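Participant: File run.pdb follows (PDB, C-alpha atoms):
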```pdb
ATOM      1  CA  MET I  30      31.715-223.206  -9.800  1.00  0.00           C
ATOM      2  CA  ILE I  31      33.894-220.640 -11.516  1.00  0.00           C
ATOM      3  CA  PHE I  32      34.499-223.107 -14.327  1.00  0.00           C
ATOM      4  CA  LEU I  33      30.740-223.639 -14.769  1.00  0.00           C
ATOM      5  CA  PHE I  34      30.118-219.895 -14.731  1.00  0.00           C
ATOM      6  CA  LEU I  35      32.823-219.249 -17.328  1.00  0.00           C
ATOM      7  CA  ALA I  36      31.748-222.249 -19.434  1.00  0.00           C
ATOM      8  CA  ASN I  37      28.168-220.994 -19.371  1.00  0.00           C
ATOM      9  CA  LYS I  38      29.161-217.430 -20.246  1.00  0.00           C
ATOM     10  CA  TYR I  39      31.741-218.176 -22.940  1.00  0.00           C
ATOM     11  CA  LEU I  40      30.558-221.519 -24.365  1.00  0.00           C
ATOM     12  CA  THR I  41      26.982-222.466 -23.641  1.00  0.00           C
ATOM     13  CA  LYS I  42      25.400-219.036 -23.996  1.00  0.00           C
ATOM     14  CA  PRO I  43      27.013-218.282 -27.409  1.00  0.00           C
ATOM     15  CA  PHE I  44      26.150-221.780 -28.656  1.00  0.00           C
ATOM     16  CA  PHE I  45      22.492-221.369 -27.715  1.00  0.00           C
ATOM     17  CA  GLU I  46      22.436-217.865 -29.181  1.00  0.00           C
ATOM     18  CA  ILE I  47      23.677-219.242 -32.506  1.00  0.00           C
ATOM     19  CA  ILE I  48      21.300-222.212 -32.347  1.00  0.00           C
ATOM     20  CA  ASN I  49      18.267-220.016 -31.574  1.00  0.00           C
ATOM     21  CA  SER I  50      19.150-217.534 -34.285  1.00  0.00           C
ATOM     22  CA  THR I  51      19.591-220.219 -36.940  1.00  0.00           C
ATOM     23  CA  ASN I  52      16.378-221.960 -35.924  1.00  0.00           C
ATOM     24  CA  ASN I  53      14.407-218.714 -36.163  1.00  0.00           C
ATOM     25  CA  ILE I  54      15.640-217.544 -39.566  1.00  0.00           C
ATOM     26  CA  ASN I  55      12.686-216.334 -41.602  1.00  0.00           C
ATOM     27  CA  PHE I  56      13.504-216.799 -45.274  1.00  0.00           C
ATOM     28  CA  ASN I  57      10.852-214.262 -46.269  1.00  0.00           C
ATOM     29  CA  LYS I  58      12.545-211.616 -44.116  1.00  0.00           C
ATOM     30  CA  LEU I  59      16.243-212.335 -44.485  1.00  0.00           C
ATOM     31  CA  GLU I  60      16.982-208.613 -44.246  1.00  0.00           C
ATOM     32  CA  ASN I  61      16.121-208.767 -40.542  1.00  0.00           C
ATOM     33  CA  SER I  62      18.273-211.834 -39.884  1.00  0.00           C
ATOM     34  CA  LYS I  63      21.706-210.939 -38.637  1.00  0.00           C
ATOM     35  CA  PHE I  64      24.027-212.100 -35.875  1.00  0.00           C
ATOM     36  CA  SER I  65      25.487-209.470 -33.634  1.00  0.00           C
ATOM     37  CA  TYR I  66      29.142-209.898 -32.809  1.00  0.00           C
ATOM     38  CA  LYS I  67      32.043-207.801 -31.632  1.00  0.00           C
ATOM     39  CA  ARG I  68      34.528-206.989 -34.368  1.00  0.00           C
ATOM     40  CA  LYS I  69      37.349-206.397 -31.954  1.00  0.00           C
ATOM     41  CA  ASN I  70      36.927-209.851 -30.425  1.00  0.00           C
ATOM     42  CA  LYS I  71      38.301-212.560 -32.606  1.00  0.00           C
ATOM     43  CA  ASN I  72      37.147-215.536 -30.668  1.00  0.00           C
ATOM     44  CA  GLU I  73      35.710-218.550 -32.465  1.00  0.00           C
ATOM     45  CA  PHE I  74      32.095-217.644 -31.789  1.00  0.00           C
ATOM     46  CA  ASP I  75      32.434-214.146 -33.228  1.00  0.00           C
ATOM     47  CA  ILE I  76      34.173-215.595 -36.274  1.00  0.00           C
ATOM     48  CA  LEU I  77      31.346-218.140 -36.578  1.00  0.00           C
ATOM     49  CA  LYS I  78      28.714-215.384 -36.254  1.00  0.00           C
ATOM     50  CA  GLN I  79      30.519-213.330 -38.894  1.00  0.00           C
ATOM     51  CA  SER I  80      30.564-216.390 -41.148  1.00  0.00           C
ATOM     52  CA  PHE I  81      26.835-216.891 -40.562  1.00  0.00           C
ATOM     53  CA  ASN I  82      26.207-213.248 -41.501  1.00  0.00           C
ATOM     54  CA  HIS I  83      28.083-213.761 -44.773  1.00  0.00           C
ATOM     55  CA  MET I  84      26.075-216.905 -45.392  1.00  0.00           C
ATOM     56  CA  ILE I  85      22.804-215.059 -44.707  1.00  0.00           C
ATOM     57  CA  ALA I  86      23.863-212.272 -47.098  1.00  0.00           C
ATOM     58  CA  LYS I  87      24.511-214.873 -49.810  1.00  0.00           C
ATOM     59  CA  LEU I  88      21.183-216.525 -49.022  1.00  0.00           C
ATOM     60  CA  ARG I  89      19.474-213.141 -49.296  1.00  0.00           C
ATOM     61  CA  ARG I  90      20.992-212.553 -52.762  1.00  0.00           C
ATOM     62  CA  SER I  91      20.143-216.074 -53.872  1.00  0.00           C
ATOM     63  CA  TYR I  92      16.611-215.743 -52.550  1.00  0.00           C
ATOM     64  CA  LYS I  93      16.146-212.470 -54.454  1.00  0.00           C
ATOM     65  CA  LYS I  94      17.417-214.108 -57.663  1.00  0.00           C
ATOM     66  CA  LEU I  95      15.152-217.083 -57.072  1.00  0.00           C
ATOM     67  CA  ASP I  96      12.174-214.821 -56.406  1.00  0.00           C
ATOM     68  CA  LYS I  97      12.898-212.845 -59.574  1.00  0.00           C
ATOM     69  CA  ALA I  98      13.191-216.051 -61.607  1.00  0.00           C
ATOM     70  CA  HIS I  99       9.958-217.298 -60.045  1.00  0.00           C
ATOM     71  CA  ASN I 100       8.132-214.100 -61.040  1.00  0.00           C
ATOM     72  CA  ILE I 101       9.508-214.367 -64.581  1.00  0.00           C
ATOM     73  CA  ASN I 102       8.370-217.989 -64.679  1.00  0.00           C
ATOM     74  CA  ILE I 103       4.866-217.008 -63.563  1.00  0.00           C
ATOM     75  CA  GLU I 104       4.708-214.317 -66.257  1.00  0.00           C
ATOM     76  CA  LEU I 105       5.940-216.752 -68.912  1.00  0.00           C
ATOM     77  CA  ASN I 106       3.326-219.297 -67.828  1.00  0.00           C
ATOM     78  CA  LYS I 107       0.596-216.642 -68.127  1.00  0.00           C
ATOM     79  CA  ASN I 108       1.821-215.699 -71.609  1.00  0.00           C
ATOM     80  CA  LEU I 109       2.002-219.348 -72.585  1.00  0.00           C
ATOM     81  CA  ALA I 110      -1.520-219.974 -71.337  1.00  0.00           C
ATOM     82  CA  THR I 111      -2.753-216.994 -73.368  1.00  0.00           C
ATOM     83  CA  LYS I 112      -0.977-218.275 -76.481  1.00  0.00           C
ATOM     84  CA  VAL I 113      -2.447-221.744 -75.977  1.00  0.00           C
ATOM     85  CA  GLN I 114      -5.947-220.276 -75.650  1.00  0.00           C
ATOM     86  CA  ASP I 115      -5.473-218.138 -78.773  1.00  0.00           C
ATOM     87  CA  ARG I 116      -4.150-221.031 -80.815  1.00  0.00           C
ATOM     88  CA  THR I 117      -6.879-223.328 -79.552  1.00  0.00           C
ATOM     89  CA  TYR I 118      -9.463-220.758 -80.632  1.00  0.00           C
ATOM     90  CA  GLU I 119      -7.791-220.454 -84.057  1.00  0.00           C
ATOM     91  CA  LEU I 120      -7.738-224.247 -84.431  1.00  0.00           C
ATOM     92  CA  GLU I 121     -11.412-224.470 -83.485  1.00  0.00           C
ATOM     93  CA  GLN I 122     -12.220-221.811 -86.097  1.00  0.00           C
ATOM     94  CA  THR I 123     -10.195-223.656 -88.734  1.00  0.00           C
ATOM     95  CA  ASN I 124     -11.817-226.932 -87.740  1.00  0.00           C
ATOM     96  CA  ASP I 125     -15.287-225.373 -88.119  1.00  0.00           C
ATOM     97  CA  GLU I 126     -14.343-224.021 -91.550  1.00  0.00           C
ATOM     98  CA  LEU I 127     -13.039-227.447 -92.594  1.00  0.00           C
ATOM     99  CA  GLU I 128     -16.239-229.120 -91.404  1.00  0.00           C
ATOM    100  CA  GLN I 129     -18.294-226.615 -93.420  1.00  0.00           C
ATOM    101  CA  THR I 130     -16.107-227.233 -96.473  1.00  0.00           C
ATOM    102  CA  ILE I 131     -16.499-231.007 -96.090  1.00  0.00           C
ATOM    103  CA  TYR I 132     -20.264-230.618 -95.785  1.00  0.00           C
ATOM    104  CA  SER I 133     -20.317-228.385 -98.866  1.00  0.00           C
ATOM    105  CA  LEU I 134     -18.209-230.899-100.794  1.00  0.00           C
ATOM    106  CA  GLN I 135     -20.544-233.717 -99.775  1.00  0.00           C
ATOM    107  CA  GLN I 136     -23.546-231.688-100.975  1.00  0.00           C
ATOM    108  CA  THR I 137     -21.770-230.948-104.259  1.00  0.00           C
ATOM    109  CA  GLN I 138     -20.891-234.622-104.642  1.00  0.00           C
ATOM    110  CA  ASN I 139     -24.531-235.630-104.069  1.00  0.00           C
ATOM    111  CA  GLN I 140     -25.689-233.043-106.637  1.00  0.00           C
ATOM    112  CA  LEU I 141     -23.127-234.304-109.159  1.00  0.00           C
ATOM    113  CA  ILE I 142     -24.351-237.859-108.635  1.00  0.00           C
ATOM    114  CA  GLU I 143     -27.959-236.725-109.211  1.00  0.00           C
ATOM    115  CA  VAL I 144     -26.957-234.790-112.341  1.00  0.00           C
ATOM    116  CA  GLU I 145     -25.056-237.823-113.629  1.00  0.00           C
ATOM    117  CA  LYS I 146     -28.069-240.045-112.949  1.00  0.00           C
ATOM    118  CA  MET I 147     -30.355-237.629-114.786  1.00  0.00           C
ATOM    119  CA  ALA I 148     -27.924-237.407-117.708  1.00  0.00           C
ATOM    120  CA  SER I 149     -27.725-241.197-117.917  1.00  0.00           C
ATOM    121  CA  LEU I 150     -31.510-241.461-117.689  1.00  0.00           C
ATOM    122  CA  SER I 151     -32.029-238.851-120.373  1.00  0.00           C
ATOM    123  CA  GLY I 152     -29.571-240.672-122.634  1.00  0.00           C
ATOM    124  CA  LEU I 153     -31.439-243.918-122.020  1.00  0.00           C
ATOM    125  CA  VAL I 154     -34.816-242.287-122.718  1.00  0.00           C
ATOM    126  CA  ALA I 155     -33.437-240.701-125.894  1.00  0.00           C
ATOM    127  CA  GLY I 156     -32.043-244.046-127.011  1.00  0.00           C
ATOM    128  CA  VAL I 157     -35.300-245.877-126.313  1.00  0.00           C
ATOM    129  CA  ALA I 158     -37.305-243.117-128.005  1.00  0.00           C
ATOM    130  CA  HIS I 159     -35.049-243.329-131.048  1.00  0.00           C
ATOM    131  CA  GLU I 160     -35.367-247.102-131.169  1.00  0.00           C
ATOM    132  CA  ILE I 161     -39.148-246.855-130.954  1.00  0.00           C
ATOM    133  CA  ASN I 162     -39.613-243.836-133.207  1.00  0.00           C
ATOM    134  CA  THR I 163     -37.533-245.173-136.093  1.00  0.00           C
ATOM    135  CA  PRO I 164     -39.618-248.318-136.772  1.00  0.00           C
ATOM    136  CA  VAL I 165     -42.890-246.568-135.888  1.00  0.00           C
ATOM    137  CA  GLY I 166     -42.021-243.652-138.185  1.00  0.00           C
ATOM    138  CA  SER I 167     -41.078-245.996-141.003  1.00  0.00           C
ATOM    139  CA  SER I 168     -44.242-247.993-140.509  1.00  0.00           C
ATOM    140  CA  LEU I 169     -46.360-244.868-140.468  1.00  0.00           C
ATOM    141  CA  THR I 170     -44.715-243.622-143.626  1.00  0.00           C
ATOM    142  CA  GLY I 171     -45.251-246.970-145.302  1.00  0.00           C
ATOM    143  CA  ILE I 172     -48.893-247.125-144.249  1.00  0.00           C
ATOM    144  CA  THR I 173     -49.661-243.640-145.385  1.00  0.00           C
ATOM    145  CA  TYR I 174     -47.961-244.198-148.746  1.00  0.00           C
TER     146      TYR I 174
END
```
For this file, produce the structure as structure tokens.

Facilitator:
Amino acid sequence: MIFLFLANKYLTKPFFEIINSTNNINFNKLENSKFSYKRKNKNEFDILKQSFNHMIAKLRRSYKKLDKAHNINIELNKNLATKVQDRTYELEQTNDELEQTIYSLQQTQNQLIEVEKMASLSGLVAGVAHEINTPVGSSLTGITY
């Protein structure tokens, strides 16, 4: 009976205290997580609790660094999204300008083709007129003489 009482007090109870504390660690509130132990006692459980407290302190620092890095990452993602939107807008503007330039070049090309057709037609008409006028003019001159 005495053995069970002592085993419960010095073994089972500290084990369950450590187990419950580790199971209930809230990573969002690591500041509140701490094992209580007696500094003057140097039994294995107090040493283990002290070790857990050091581990929780390291976790707290790591969690703060991780949280800070996460916030920086969020900010960088926001900035990147803004840059992507700005560049997309600029590319759309440039694309619109290029489409307008292509349309203008196509219109100019069509006008040049029409001008070239008219120039060719006028040259043809002038040539035909010359070919007709020369014999007709000579004939007219000969008839009137």

Participant: Figure out the distance between CA of Ser168 in chain I and CA of Ser149 in chain I, please, to one decimal in Å.

Facilitator: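 Interatomic distance, CA of Ser149 in chain I to CA of Ser168 in chain I: 28.8 Å.
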
Participant: Which residues would end up in the selection if the PyMOL selection byres ((chain I and resi 32-46) around 12) were applied here, given that I need the answer as a list in words?

Facilitator: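 What the PyMOL selection byres ((chain I and resi 32-46) around 12) grabs from the file is Met30, Ile31, Ile47, Ile48, Asn49, Ser50, Thr51, Asn52, Asn53, Lys63, Phe64, Ser65, Tyr66, Asn72, Glu73, Phe74, Asp75, Ile76, Leu77 and Lys78 of chain I.
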
Participant: Kindly give the distance, in Å, that separates CA of Arg90 in chain I and CA of Lys58 in chain I, rounded to a single decimal.

Facilitator: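 Between these atoms lies a distance of 12.1 Å.
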
Participant: Write range 40-56 of chain I as a PDB file, in the frame of the given file, completed to N, CA and C atoms.

Facilitator:
```
ATOM      1  N   LEU I  40      30.805-220.378 -23.475  1.00  0.00           N
ATOM      2  CA  LEU I  40      30.558-221.519 -24.365  1.00  0.00           C
ATOM      3  C   LEU I  40      29.065-221.776 -24.590  1.00  0.00           C
ATOM      4  N   THR I  41      28.370-222.056 -23.534  1.00  0.00           N
ATOM      5  CA  THR I  41      26.982-222.466 -23.641  1.00  0.00           C
ATOM      6  C   THR I  41      26.102-221.345 -24.158  1.00  0.00           C
ATOM      7  N   LYS I  42      26.234-220.175 -23.586  1.00  0.00           N
ATOM      8  CA  LYS I  42      25.400-219.036 -23.996  1.00  0.00           C
ATOM      9  C   LYS I  42      25.606-218.689 -25.480  1.00  0.00           C
ATOM     10  N   PRO I  43      26.838-218.564 -25.975  1.00  0.00           N
ATOM     11  CA  PRO I  43      27.013-218.282 -27.409  1.00  0.00           C
ATOM     12  C   PRO I  43      26.502-219.408 -28.299  1.00  0.00           C
ATOM     13  N   PHE I  44      26.685-220.675 -27.871  1.00  0.00           N
ATOM     14  CA  PHE I  44      26.150-221.780 -28.656  1.00  0.00           C
ATOM     15  C   PHE I  44      24.638-221.677 -28.783  1.00  0.00           C
ATOM     16  N   PHE I  45      23.947-221.465 -27.676  1.00  0.00           N
ATOM     17  CA  PHE I  45      22.492-221.369 -27.715  1.00  0.00           C
ATOM     18  C   PHE I  45      22.026-220.132 -28.477  1.00  0.00           C
ATOM     19  N   GLU I  46      22.780-219.053 -28.405  1.00  0.00           N
ATOM     20  CA  GLU I  46      22.436-217.865 -29.181  1.00  0.00           C
ATOM     21  C   GLU I  46      22.497-218.170 -30.681  1.00  0.00           C
ATOM     22  N   ILE I  47      23.544-218.865 -31.089  1.00  0.00           N
ATOM     23  CA  ILE I  47      23.677-219.242 -32.506  1.00  0.00           C
ATOM     24  C   ILE I  47      22.590-220.237 -32.898  1.00  0.00           C
ATOM     25  N   ILE I  48      22.334-221.196 -32.053  1.00  0.00           N
ATOM     26  CA  ILE I  48      21.300-222.212 -32.347  1.00  0.00           C
ATOM     27  C   ILE I  48      19.927-221.563 -32.469  1.00  0.00           C
ATOM     28  N   ASN I  49      19.569-220.691 -31.526  1.00  0.00           N
ATOM     29  CA  ASN I  49      18.267-220.016 -31.574  1.00  0.00           C
ATOM     30  C   ASN I  49      18.146-219.128 -32.802  1.00  0.00           C
ATOM     31  N   SER I  50      19.199-218.423 -33.119  1.00  0.00           N
ATOM     32  CA  SER I  50      19.150-217.534 -34.285  1.00  0.00           C
ATOM     33  C   SER I  50      18.993-218.319 -35.581  1.00  0.00           C
ATOM     34  N   THR I  51      19.706-219.427 -35.704  1.00  0.00           N
ATOM     35  CA  THR I  51      19.591-220.219 -36.940  1.00  0.00           C
ATOM     36  C   THR I  51      18.242-220.919 -37.033  1.00  0.00           C
ATOM     37  N   ASN I  52      17.696-221.317 -35.901  1.00  0.00           N
ATOM     38  CA  ASN I  52      16.378-221.960 -35.924  1.00  0.00           C
ATOM     39  C   ASN I  52      15.261-220.978 -36.263  1.00  0.00           C
ATOM     40  N   ASN I  53      15.456-219.713 -35.968  1.00  0.00           N
ATOM     41  CA  ASN I  53      14.407-218.714 -36.163  1.00  0.00           C
ATOM     42  C   ASN I  53      14.613-217.862 -37.412  1.00  0.00           C
ATOM     43  N   ILE I  54      15.443-218.310 -38.326  1.00  0.00           N
ATOM     44  CA  ILE I  54      15.640-217.544 -39.566  1.00  0.00           C
ATOM     45  C   ILE I  54      14.360-217.600 -40.390  1.00  0.00           C
ATOM     46  N   ASN I  55      13.870-216.435 -40.745  1.00  0.00           N
ATOM     47  CA  ASN I  55      12.686-216.334 -41.602  1.00  0.00           C
ATOM     48  C   ASN I  55      13.172-216.025 -43.012  1.00  0.00           C
ATOM     49  N   PHE I  56      12.985-216.964 -43.918  1.00  0.00           N
ATOM     50  CA  PHE I  56      13.504-216.799 -45.274  1.00  0.00           C
ATOM     51  C   PHE I  56      12.756-215.721 -46.047  1.00  0.00           C
TER      52      PHE I  56
END
```
